$ cat coords.txt   # compact mmCIF, C-alpha atoms
# COMPACT_ATOMS: atom_id res chain seq x y z
CA MET A 1 -67.43 54.44 -114.65
CA PRO A 2 -66.69 56.31 -111.54
CA LYS A 3 -68.90 53.93 -109.59
CA LYS A 4 -66.84 51.02 -110.63
CA LYS A 5 -63.70 52.73 -109.49
CA LYS A 6 -65.20 53.33 -106.11
CA ASN A 7 -66.06 49.72 -105.78
CA LYS A 8 -62.56 48.78 -106.67
CA GLN A 9 -61.23 51.10 -104.14
CA ASN A 10 -63.63 49.81 -101.58
CA ASN A 11 -62.65 46.30 -102.46
CA LEU A 12 -59.05 47.20 -102.16
CA ASP A 13 -59.70 48.77 -98.83
CA ASP A 14 -61.55 45.73 -97.77
CA ASP A 15 -58.70 43.58 -98.97
CA ILE A 16 -56.27 45.67 -97.12
CA ILE A 17 -58.31 45.44 -93.95
CA ILE A 18 -58.74 41.77 -94.38
CA GLY A 19 -55.08 41.40 -95.05
CA TYR A 20 -54.26 43.50 -92.02
CA ASN A 21 -56.54 41.49 -89.86
CA SER A 22 -54.94 38.30 -91.02
CA LYS A 23 -51.55 39.62 -90.14
CA VAL A 24 -52.77 40.59 -86.73
CA VAL A 25 -54.26 37.18 -86.23
CA LYS A 26 -51.02 35.61 -87.32
CA ASP A 27 -48.93 37.82 -85.03
CA ASN A 28 -51.05 37.52 -81.85
CA PRO A 29 -50.74 33.79 -81.09
CA PRO A 30 -46.97 33.76 -80.50
CA LYS A 31 -47.37 36.61 -78.04
CA LYS A 32 -49.88 34.59 -76.08
CA LYS A 33 -47.54 31.57 -76.11
CA LYS A 34 -44.73 33.65 -74.73
CA LYS A 35 -46.90 34.82 -71.88
CA ARG A 36 -47.89 31.26 -71.09
CA LYS A 37 -44.25 30.19 -71.06
CA LYS A 38 -43.37 32.96 -68.68
CA LYS A 39 -46.22 31.99 -66.44
CA LYS A 40 -45.14 28.36 -66.60
CA ASP A 41 -41.55 29.35 -65.89
CA LYS A 42 -42.64 31.41 -62.95
CA LYS A 43 -44.73 28.57 -61.61
CA GLU A 44 -41.92 26.10 -62.14
CA ASN A 45 -39.46 28.44 -60.46
CA GLU A 46 -41.81 28.97 -57.56
CA GLU A 47 -42.40 25.23 -57.21
CA TYR A 48 -38.66 24.57 -57.43
CA ILE A 49 -37.97 27.20 -54.78
CA GLU A 50 -40.69 25.79 -52.53
CA GLN A 51 -39.42 22.26 -52.99
CA ASN A 52 -35.78 23.16 -52.47
CA SER A 53 -36.22 25.83 -49.83
CA ARG A 54 -36.58 23.44 -46.85
CA PRO A 55 -33.69 21.13 -47.56
CA LYS A 56 -31.47 24.10 -48.28
CA LYS A 57 -32.24 25.52 -44.86
CA SER A 58 -31.58 22.18 -43.16
CA ALA A 59 -28.39 21.81 -45.16
CA LYS A 60 -27.25 25.16 -43.86
CA LYS A 61 -28.07 24.26 -40.25
CA LEU A 62 -26.41 20.83 -40.24
CA PRO A 63 -22.91 22.03 -41.04
CA LYS A 64 -23.13 24.55 -38.19
CA LYS A 65 -23.94 21.83 -35.68
CA GLN A 66 -21.27 19.57 -37.09
CA THR A 67 -18.64 22.28 -36.96
CA LYS A 68 -19.35 22.99 -33.28
CA LYS A 69 -18.98 19.34 -32.41
CA GLN A 70 -15.89 19.06 -34.52
CA LYS A 71 -14.36 22.06 -32.79
CA LYS A 72 -15.04 20.54 -29.38
CA ARG A 73 -13.57 17.23 -30.48
CA ARG A 74 -10.52 18.92 -31.90
CA GLN A 75 -10.05 20.87 -28.67
CA LYS A 76 -10.32 17.67 -26.65
CA VAL A 77 -7.87 15.89 -28.92
CA LYS A 78 -5.44 18.80 -28.62
CA LYS A 79 -5.70 18.74 -24.83
CA ILE A 80 -5.15 14.99 -24.74
CA LEU A 81 -2.16 15.28 -27.04
CA LYS A 82 -0.68 18.03 -24.87
CA VAL A 83 -1.12 15.91 -21.74
CA LEU A 84 0.41 12.88 -23.45
CA LEU A 85 3.31 14.97 -24.63
CA ARG A 86 3.96 16.27 -21.12
CA ILE A 87 3.74 12.76 -19.70
CA THR A 88 6.19 11.40 -22.25
CA ILE A 89 8.59 14.25 -21.51
CA LEU A 90 8.34 13.59 -17.76
CA LEU A 91 8.82 9.86 -18.28
CA ALA A 92 11.85 10.51 -20.43
CA ILE A 93 13.31 12.78 -17.74
CA LEU A 94 12.60 10.22 -15.01
CA ALA A 95 14.12 7.44 -17.09
CA GLY A 96 17.23 9.54 -17.52
CA ILE A 97 17.44 10.25 -13.79
CA ILE A 98 16.91 6.58 -12.89
CA LEU A 99 19.53 5.50 -15.38
CA PHE A 100 21.98 8.00 -13.92
CA LEU A 101 21.28 6.83 -10.36
CA PHE A 102 21.83 3.17 -11.22
CA VAL A 103 24.91 3.73 -13.34
CA SER A 104 26.74 6.46 -11.48
CA PRO A 105 29.52 5.18 -9.14
CA ILE A 106 28.62 7.95 -6.69
CA PHE A 107 25.78 5.74 -5.43
CA ASN A 108 27.81 2.57 -4.96
CA ILE A 109 27.91 1.12 -1.43
CA LYS A 110 31.11 2.01 0.41
CA GLU A 111 30.16 1.00 3.97
CA ILE A 112 27.81 -1.53 5.65
CA GLU A 113 27.41 -0.60 9.32
CA ILE A 114 26.09 -3.19 11.82
CA ILE A 115 24.75 -1.95 15.18
CA GLY A 116 23.60 -4.13 18.11
CA SER A 117 25.54 -7.33 17.44
CA GLU A 118 26.38 -9.04 20.74
CA GLU A 119 25.28 -12.66 20.53
CA ILE A 120 26.00 -12.90 16.78
CA SER A 121 29.12 -11.43 15.18
CA GLU A 122 29.02 -8.49 12.76
CA SER A 123 30.52 -10.57 9.97
CA VAL A 124 27.61 -13.03 10.17
CA TYR A 125 25.04 -10.24 10.00
CA ARG A 126 26.91 -8.58 7.15
CA ALA A 127 26.85 -11.82 5.20
CA MET A 128 23.12 -12.23 5.92
CA THR A 129 22.38 -8.87 4.30
CA GLY A 130 23.65 -10.19 0.98
CA LEU A 131 25.13 -6.76 0.18
CA ASP A 132 28.51 -6.19 -1.43
CA ILE A 133 30.81 -3.21 -1.48
CA ASP A 134 30.51 -1.21 -4.73
CA GLU A 135 26.99 -2.53 -5.27
CA ASN A 136 24.50 0.15 -6.30
CA ILE A 137 22.71 1.48 -3.24
CA PHE A 138 19.36 1.68 -5.05
CA SER A 139 19.37 -2.09 -5.51
CA VAL A 140 19.04 -2.63 -1.74
CA ASN A 141 15.86 -4.59 -0.93
CA LYS A 142 15.03 -3.83 2.69
CA SER A 143 12.21 -6.33 3.11
CA ASN A 144 14.32 -9.22 1.83
CA ILE A 145 17.22 -8.34 4.13
CA ILE A 146 14.94 -8.02 7.17
CA SER A 147 13.20 -11.35 6.51
CA THR A 148 16.57 -13.07 6.06
CA ILE A 149 18.13 -11.69 9.24
CA LYS A 150 15.00 -12.41 11.32
CA LYS A 151 15.40 -16.11 10.58
CA GLU A 152 18.20 -16.03 13.16
CA PRO A 153 16.56 -17.01 16.52
CA TYR A 154 18.53 -14.40 18.46
CA VAL A 155 17.15 -11.55 16.34
CA GLU A 156 14.05 -9.82 17.67
CA LYS A 157 13.95 -6.69 15.51
CA VAL A 158 15.78 -5.34 12.44
CA GLU A 159 15.90 -1.81 11.08
CA ILE A 160 17.67 -0.80 7.87
CA LYS A 161 18.53 2.77 7.03
CA ILE A 162 20.05 3.89 3.74
CA ILE A 163 22.33 6.87 4.17
CA TYR A 164 22.90 8.38 0.76
CA PRO A 165 24.98 8.31 -1.25
CA SER A 166 26.93 5.21 -0.19
CA LYS A 167 26.18 3.86 3.32
CA VAL A 168 23.78 1.19 4.65
CA ARG A 169 23.13 0.98 8.41
CA VAL A 170 21.64 -2.20 9.90
CA THR A 171 20.39 -1.88 13.49
CA ILE A 172 19.58 -5.15 15.24
CA THR A 173 17.78 -5.77 18.51
CA GLU A 174 18.83 -9.16 19.85
CA ARG A 175 17.06 -11.48 22.23
CA LYS A 176 18.86 -12.41 25.43
CA ILE A 177 18.89 -15.77 27.18
CA SER A 178 16.84 -15.43 30.36
CA TYR A 179 15.69 -18.93 31.28
CA LEU A 180 16.85 -22.49 31.01
CA ALA A 181 14.52 -25.48 30.66
CA GLU A 182 15.58 -29.12 30.94
CA LYS A 183 14.12 -32.30 29.47
CA ASP A 184 15.65 -35.76 28.93
CA GLY A 185 19.17 -34.50 29.58
CA ARG A 186 18.91 -31.64 27.07
CA TYR A 187 18.87 -27.97 27.99
CA PHE A 188 16.79 -25.39 26.18
CA TYR A 189 17.71 -21.71 26.38
CA LEU A 190 14.79 -19.28 26.23
CA ASP A 191 14.44 -15.53 26.21
CA LYS A 192 12.08 -13.72 28.58
CA ASN A 193 9.18 -14.02 26.13
CA GLY A 194 9.52 -17.78 25.71
CA TYR A 195 11.37 -17.97 22.37
CA LEU A 196 13.81 -20.85 22.02
CA LEU A 197 17.24 -19.45 21.16
CA GLN A 198 19.40 -22.57 21.26
CA THR A 199 19.69 -26.13 22.52
CA ASN A 200 22.70 -27.45 24.39
CA LEU A 201 23.81 -30.59 26.16
CA ALA A 202 25.57 -28.64 28.92
CA PRO A 203 23.71 -26.48 31.47
CA LEU A 204 24.72 -22.85 31.72
CA ASP A 205 24.21 -20.53 34.64
CA TYR A 206 20.67 -19.25 33.98
CA LEU A 207 17.39 -19.27 35.89
CA ILE A 208 15.83 -22.73 35.56
CA ILE A 209 12.14 -22.97 34.67
CA LYS A 210 10.17 -25.97 35.87
CA GLY A 211 6.63 -27.15 35.31
CA CYS A 212 6.10 -25.98 31.70
CA THR A 213 3.56 -27.88 29.62
CA THR A 214 5.51 -27.17 26.41
CA ASP A 215 7.28 -30.16 24.87
CA PHE A 216 10.68 -28.55 24.31
CA SER A 217 12.00 -31.57 22.44
CA GLN A 218 9.54 -30.79 19.63
CA MET A 219 10.50 -27.12 19.40
CA THR A 220 12.76 -25.66 16.74
CA GLU A 221 15.11 -22.76 17.38
CA GLY A 222 13.21 -19.53 16.92
CA GLY A 223 9.93 -21.15 17.97
CA ARG A 224 7.87 -20.07 20.98
CA ILE A 225 6.42 -21.94 23.95
CA ASP A 226 2.78 -23.04 24.01
CA GLU A 227 0.00 -20.58 24.74
CA LYS A 228 -0.66 -22.29 28.09
CA ASP A 229 2.83 -21.34 29.31
CA ILE A 230 2.85 -17.75 28.05
CA ALA A 231 0.87 -16.41 31.03
CA GLY A 232 3.39 -18.03 33.38
CA PHE A 233 6.28 -16.46 31.45
CA ASN A 234 4.66 -13.04 31.75
CA ASP A 235 4.50 -13.54 35.52
CA LEU A 236 8.15 -14.67 35.50
CA ILE A 237 9.13 -11.25 34.16
CA LYS A 238 7.25 -9.57 37.02
CA ILE A 239 8.84 -11.82 39.65
CA VAL A 240 12.39 -11.43 38.35
CA ASP A 241 12.01 -7.64 38.03
CA ALA A 242 10.66 -7.47 41.62
CA ILE A 243 13.65 -9.43 42.93
CA ASN A 244 16.10 -7.15 41.11
CA ASN A 245 14.31 -3.94 42.14
CA ASN A 246 14.24 -4.90 45.86
CA ASP A 247 17.99 -5.59 46.03
CA ILE A 248 17.69 -9.20 47.14
CA ASP A 249 21.29 -10.36 47.06
CA THR A 250 20.47 -14.04 47.19
CA LYS A 251 20.53 -15.70 43.80
CA LEU A 252 17.33 -17.30 42.57
CA LYS A 253 18.07 -20.79 41.24
CA SER A 254 14.73 -21.89 39.79
CA ILE A 255 11.01 -21.14 39.56
CA ASP A 256 8.26 -23.72 39.31
CA VAL A 257 5.40 -22.38 37.18
CA THR A 258 3.12 -25.42 37.44
CA ASP A 259 0.47 -23.48 39.41
CA GLU A 260 0.00 -19.82 38.48
CA ASN A 261 -1.67 -19.26 41.87
CA ASN A 262 1.36 -20.54 43.73
CA TYR A 263 4.76 -20.00 42.13
CA ILE A 264 7.58 -21.81 43.94
CA LEU A 265 10.97 -20.06 44.16
CA ASP A 266 14.17 -21.92 45.02
CA PHE A 267 17.03 -19.90 46.56
CA ALA A 268 19.47 -22.83 46.53
CA ASP A 269 22.47 -20.95 47.91
CA GLU A 270 20.44 -20.01 51.01
CA GLN A 271 18.76 -23.45 51.10
CA LYS A 272 15.34 -21.86 51.21
CA ILE A 273 12.11 -22.47 49.28
CA VAL A 274 9.52 -19.70 48.91
CA MET A 275 5.82 -20.43 48.44
CA LEU A 276 5.10 -17.13 46.70
CA GLY A 277 1.44 -17.52 45.79
CA ASP A 278 0.37 -15.36 42.83
CA THR A 279 1.98 -12.12 41.61
CA LYS A 280 -0.20 -9.78 43.67
CA ASP A 281 1.52 -7.35 46.06
CA LEU A 282 4.99 -8.43 44.97
CA SER A 283 6.82 -5.54 46.61
CA SER A 284 5.70 -6.52 50.14
CA LYS A 285 6.37 -10.20 49.42
CA MET A 286 9.93 -9.36 48.33
CA ALA A 287 10.42 -7.48 51.59
CA TRP A 288 9.34 -10.59 53.56
CA ILE A 289 11.68 -12.81 51.55
CA ASP A 290 14.61 -10.51 52.27
CA TYR A 291 13.66 -10.38 55.96
CA PHE A 292 13.32 -14.17 56.47
CA ILE A 293 16.55 -14.92 54.57
CA LYS A 294 18.54 -12.51 56.70
CA GLN A 295 16.91 -13.65 59.96
CA ASN A 296 17.44 -17.34 59.23
CA LYS A 297 20.90 -17.33 57.77
CA ASN A 298 22.43 -20.77 57.07
CA GLN A 299 19.18 -22.50 58.02
CA LYS A 300 17.17 -24.69 55.68
CA GLY A 301 13.49 -24.01 55.50
CA THR A 302 10.40 -22.78 53.65
CA ILE A 303 8.99 -19.28 53.55
CA TYR A 304 5.21 -19.21 53.24
CA LEU A 305 3.77 -16.15 51.50
CA ASN A 306 0.78 -17.86 49.89
CA SER A 307 -1.53 -17.52 52.87
CA GLU A 308 -2.83 -14.78 55.13
CA GLN A 309 -0.27 -15.71 57.78
CA VAL A 310 3.33 -15.10 56.62
CA TYR A 311 5.98 -17.26 58.32
CA PHE A 312 9.20 -19.23 57.99
CA SER A 313 9.22 -22.97 58.68
CA PRO A 314 12.63 -24.59 59.21
CA ASN A 315 13.13 -28.09 57.86

$ encode --input "coords.txt" --output "structure tokens"
Amino acid sequence: MPKKKKNKQNNLDDDIIIGYNSKVVKDNPPKKKKKRKKKKDKKENEEYIEQNSRPKKSAKKLPKKQTKKQKKRRQKVKKILKVLLRITILLAILAGIILFLFVSPIFNIKEIEIIGSEEISESVYRAMTGLDIDENIFSVNKSNIISTIKKEPYVEKVEIKIIYPSKVRVTITERKISYLAEKDGRYFYLDKNGYLLQTNLAPLDYLIIKGCTTDFSQMTEGGRIDEKDIAGFNDLIKIVDAINNNDIDTKLKSIDVTDENNYILDFADEQKIVMLGDTKDLSSKMAWIDYFIKQNKNQKGTIYLNSEQVYFSPN
């Protein structure tokens, strides 16, 4: 009997051990699964970090670059806006000043002064300016006034000065009649530089020019003689100045400019013709003219100064 009990106990022990082992077997697998999950999670996390690490870094860098550019752009925009604001303010100020200048009666014309009018009257020049009293002084167009006045043949030069707040001064340099040319019964009055000032049917008491190639009948007032005659007119100035500077009392009636190497002077009141030659050594030639005129008073004749031998030949 006791043997049987032992066996039962042993069997029970065995059962207990077996039962224990089965429990252990049942409990162990879930633990292993948990470990695998953790390992998988770790791997997945590591892979996720590796995959997302690079783009995250680039994403961090890009905004920094963009913000620097944006800051620069904003600064530039601010500067431009400041400049534009200043410009608009300045333009507004200038517009206000200009409006004041054009509206204020302080700057209305009160006086138009004409200086240098001898051949043409002041009233004519004043009308040619086109200006009116009480007109705004800033509306004066100098170039238009000058071009208008210079259409007058007698006008050589025009200067306009605006004296603020209300005065306009017009200074005119006029041409003077120096020579008279004749063709087909008409007389053409020229200044010393060969500009035609006027045409008249009656001769006036001026130095007569002969031998010009210019067709005066085709000239308009304000026009100039041909180029071929300009050299002769330049010599005329020298001859006339030499006569005046050497105190020759006898009046010169005419000059023939046909040959620039031999100008012919006519002192009609003394009834003497002078073969001058060219314009070289004019001072000594003037002295000979004065000498022969005084020595041969009231005697017709010709004075020869166009050769090496200087002499007077009575007619």

$ closest_residue --input "coords.txt" --among "A:Ile248, A:Glu260, A:Trp288, A:Lys238" --to "Gln309 (chain A)" --atoms "only C-alpha atoms"
A:Trp288

$ residues_near_point --input "coords.txt" --point "(6.7, -14.9, 33.2)" --cutoff "12 Å" --atoms "all atoms listed in the file" --output "PyMOL selection string"
chain A and resi 178-179+190-194+207+209-210+212+225+228-242+255-258+260+263+278-279

$ residues_around --input "coords.txt" --residues "Lys294 (chain A)" --least-positions-apart "6" --cutoff "12 Å" --atoms "all atoms listed in the file" --output "PDB file with C-alpha atoms, in the coordinates of the input"
ATOM      1  CA  ILE A 248      17.690  -9.200  47.140  1.00  0.00           C
ATOM      2  CA  ASP A 249      21.290 -10.360  47.060  1.00  0.00           C
ATOM      3  CA  THR A 250      20.470 -14.040  47.190  1.00  0.00           C
ATOM      4  CA  GLU A 270      20.440 -20.010  51.010  1.00  0.00           C
ATOM      5  CA  LYS A 272      15.340 -21.860  51.210  1.00  0.00           C
ATOM      6  CA  ALA A 287      10.420  -7.480  51.590  1.00  0.00           C
ATOM      7  CA  TRP A 288       9.340 -10.590  53.560  1.00  0.00           C
ATOM      8  CA  PHE A 312       9.200 -19.230  57.990  1.00  0.00           C
TER       9      PHE A 312
END

$ residues_around --input "coords.txt" --residues "Arg175 (chain A)" --least-positions-apart "5" --cutoff "6 Å" --atoms "all atoms listed in the file" --output "number ranges by chain"
A: 154-156

$ atom_distance --input "coords.txt" --atom1 "CA of Val140 (chain A)" --atom2 "CA of Phe100 (chain A)"
16.4 Å

$ atom_distance --input "coords.txt" --atom1 "CA of Asn246 (chain A)" --atom2 "CA of Tyr291 (chain A)"
11.5 Å

$ closest_residue --input "coords.txt" --among "A:Asp266, A:Asp226, A:Glu113, A:Glu122" --to "Arg169 (chain A)" --atoms "all atoms listed in the file"
A:Glu113

$ residues_around --input "coords.txt" --residues "Asp205 (chain A)" --least-positions-apart "4" --cutoff "12 Å" --atoms "all atoms listed in the file" --output "list of chain:residue names"
A:Ile177, A:Ser178, A:Tyr179, A:Leu180, A:Ala181, A:Tyr187, A:Tyr189, A:Lys251, A:Leu252, A:Lys253, A:Ser254

$ atom_distance --input "coords.txt" --atom1 "CA of Glu159 (chain A)" --atom2 "CA of Thr171 (chain A)"
5.1 Å

$ closest_residue --input "coords.txt" --among "A:Val103, A:Leu276, A:Ile93, A:Leu197" --to "Asp134 (chain A)" --atoms "all atoms listed in the file"
A:Val103
